[in-house]
Amino acid sequence: MTDNINKILQNNDGNKQQPTAASIMNLTDNDVVKIWDSVSAFIESYMKQSKGIIIPGFGTFSFIHKRIDVGNNKFLLLQRPVFAISEKFAQTHGLKFTCYAVNGSIPVHPLNYSSIQTNTTYKRDQVEQCVKHVLQVFNRSIAGQRNVEFTFSHIGKLHIRNGKVKMKFFKDFISAVDENAGKHIIENMCNRPYTCDSVMSDRDGARPSTSSNVVLPRSALLSVPEVKAGGCFSHNS
């Protein structure tokens with residue numbers, strides 16, 4: 001298989017290639033997608049335990065609590081999943097995003113590359129370098145003012161279009177993270193003007209990649225122009 005990943009980073013003259021994290025770790029196109037699927041599975045497993053996951057410099061998957069009236073003086077406490085993009089990253093790129101009052105009782109954990117690696121055929125260093133590689137492509141795509149559709153398997157899709165951040169969760173995932181109230185959460189989100197577009201079917205297809213639209217992680221296999229900017233992926237969220 002031809003490894004298109006090696007085309008991603010180039011010098012300004014457009015001729016010489018700089019070694020990427022993917023090429024250094026001998027990863028193919030399909031390897032990047034498989035590893036990111038494992039990252040998504042790790043996030044999903046923690047959120048099914050009502051735990052959040054932070055990806056430093058990128059954002060945090062967690063929950064917010066909302067109480068709804070179900071009648072007869074009875075209330076139901078909903079635990080709705082949210083993605084809070086790193087404020088530093090958003091401010092650096094001038095993105096518009098929603099600030100969430102994330103419940104402080106929700107434990108938040110960092111990605112555990114060793115744990116992710118145990119469910120793959122890859123080495124731990126390959127997993128870590130692949131994650132950094134995909135995030136680097138994400139960073140450069142946003143810096144280049146391109147729209148991004150970032151898929152997290154079985155979880156949802158992060159959309160950044162025209163400078164606005166929107167995470168759309170799959171209905172099946174919402175139901176899975178709260179088996180008792182999943183139906184109520186979906187109905188509540190669909191009936192509110194600001195969250196009605198935050199729910200989607202996992203059967204909805206991805207937009208095709210274009211000169212202005214990047215589809216991750218699969219667009220990490222394509223060439224993304226280098227943008228000179230300060231590093232954004234620090235441990236500050």
# chains A, B, ... in the order shown; residues from 1 in each chain; ligands from 1
$ residues_around --residues "Met47 of chain A" --least-positions-apart "4" --cutoff "9 Å" --atoms "only C-alpha atoms" --output "PDB file with N, CA and C atoms, in the first residue's frame"
ATOM      1  N   PHE A  42     -11.281   3.862  23.606  1.00  0.00           N
ATOM      2  CA  PHE A  42     -10.819   4.157  24.966  1.00  0.00           C
ATOM      3  C   PHE A  42     -11.673   5.259  25.590  1.00  0.00           C
ATOM      4  N   ILE A  43     -11.919   6.318  24.827  1.00  0.00           N
ATOM      5  CA  ILE A  43     -12.758   7.414  25.323  1.00  0.00           C
ATOM      6  C   ILE A  43     -14.164   6.901  25.617  1.00  0.00           C
ATOM      7  N   LYS A  51     -16.987   8.771  33.322  1.00  0.00           N
ATOM      8  CA  LYS A  51     -15.690   9.415  33.504  1.00  0.00           C
ATOM      9  C   LYS A  51     -15.347  10.208  32.255  1.00  0.00           C
ATOM     10  N   GLY A  52     -14.668  11.332  32.466  1.00  0.00           N
ATOM     11  CA  GLY A  52     -14.265  12.161  31.349  1.00  0.00           C
ATOM     12  C   GLY A  52     -12.857  11.847  30.882  1.00  0.00           C
ATOM     13  N   ILE A  53     -12.534  12.303  29.678  1.00  0.00           N
ATOM     14  CA  ILE A  53     -11.192  12.124  29.108  1.00  0.00           C
ATOM     15  C   ILE A  53     -10.707  13.463  28.566  1.00  0.00           C
ATOM     16  N   PHE A  61     -13.670  15.478  26.863  1.00  0.00           N
ATOM     17  CA  PHE A  61     -14.959  14.813  26.790  1.00  0.00           C
ATOM     18  C   PHE A  61     -15.447  14.622  28.220  1.00  0.00           C
ATOM     19  N   SER A  62     -16.612  15.133  28.530  1.00  0.00           N
ATOM     20  CA  SER A  62     -17.125  15.001  29.895  1.00  0.00           C
ATOM     21  C   SER A  62     -18.656  15.060  29.867  1.00  0.00           C
ATOM     22  N   PHE A  63     -19.248  15.466  30.987  1.00  0.00           N
ATOM     23  CA  PHE A  63     -20.702  15.504  31.096  1.00  0.00           C
ATOM     24  C   PHE A  63     -21.159  16.784  31.784  1.00  0.00           C
ATOM     25  N   PRO A  81     -23.541  14.067  27.578  1.00  0.00           N
ATOM     26  CA  PRO A  81     -22.140  14.163  27.167  1.00  0.00           C
ATOM     27  C   PRO A  81     -21.869  15.465  26.432  1.00  0.00           C
ATOM     28  N   VAL A 177     -24.255   5.742  27.194  1.00  0.00           N
ATOM     29  CA  VAL A 177     -23.606   6.328  28.371  1.00  0.00           C
ATOM     30  C   VAL A 177     -24.593   6.555  29.515  1.00  0.00           C
TER      31      VAL A 177
END
$ atom_distance --atom1 "atom CA of Ser86 of chain A" --atom2 "atom CA of Gly57 of chain A"
5.8 Å
$ residues_around --residues "Phe173 of chain A" --least-positions-apart "4" --cutoff "8 Å" --atoms "only C-alpha atoms" --output "list in words"
His154, Ile155, Gly156, Phe169 and Val177 of chain A
$ atom_distance --atom1 "atom CA of Arg140 of chain A" --atom2 "atom CA of Val214 of chain A"
10.6 Å
$ residues_around --residues "His93 of chain A" --least-positions-apart "2" --cutoff "8 Å" --atoms "only C-alpha atoms" --output "list in words"
Phe89, Ala90, Gln91, Leu95, Ile142 and Ala143 of chain A
$ residues_around --residues "Ser50 of chain A" --least-positions-apart "3" --cutoff "12 Å" --atoms "only C-alpha atoms" --output "JSON, numbers by chain"
{"A": [43, 44, 45, 46, 47, 53, 61, 62, 63, 64, 65, 78, 79, 80, 81, 82, 103, 105, 106, 107, 108, 109, 174, 176, 177, 178, 179]}
$ residues_around --residues "Tyr100 of chain A" --least-positions-apart "2" --cutoff "7 Å" --atoms "only C-alpha atoms" --output "mmCIF file with all heavy atoms, in the first residue's frame"
data_model
loop_
_atom_site.group_PDB
_atom_site.id
_atom_site.type_symbol
_atom_site.label_atom_id
_atom_site.label_comp_id
_atom_site.auth_asym_id
_atom_site.auth_seq_id
_atom_site.Cartn_x
_atom_site.Cartn_y
_atom_site.Cartn_z
ATOM 1 N N ALA A 84 -15.712 19.818 25.332
ATOM 2 C CA ALA A 84 -15.265 21.192 25.574
ATOM 3 C C ALA A 84 -13.892 21.369 24.930
ATOM 4 O O ALA A 84 -12.905 20.792 25.397
ATOM 5 C CB ALA A 84 -15.190 21.475 27.070
ATOM 6 N N THR A 98 -18.853 26.919 22.690
ATOM 7 C CA THR A 98 -19.735 26.972 23.855
ATOM 8 C C THR A 98 -18.964 26.593 25.107
ATOM 9 O O THR A 98 -18.243 25.586 25.124
ATOM 10 C CB THR A 98 -20.918 26.004 23.688
ATOM 11 O OG1 THR A 98 -21.650 26.353 22.503
ATOM 12 C CG2 THR A 98 -21.848 26.059 24.894
ATOM 13 N N VAL A 102 -19.096 22.147 33.340
ATOM 14 C CA VAL A 102 -18.877 20.715 33.555
ATOM 15 C C VAL A 102 -18.931 20.400 35.038
ATOM 16 O O VAL A 102 -18.343 21.102 35.858
ATOM 17 C CB VAL A 102 -17.520 20.278 32.959
ATOM 18 C CG1 VAL A 102 -17.258 18.809 33.236
ATOM 19 C CG2 VAL A 102 -17.506 20.549 31.458
#
$ closest_residue --among "A:Thr28, A:Thr118, A:Asn112, A:Gln136" --to "Phe58 of chain A" --atoms "only C-alpha atoms"
A:Gln136
$ residues_around --residues "Val134 of chain A" --least-positions-apart "3" --cutoff "8 Å" --atoms "only C-alpha atoms" --output "list of chain:residue names"
A:Cys130, A:Val131, A:Val137, A:Phe138, A:Leu216, A:Pro217, A:Ala220
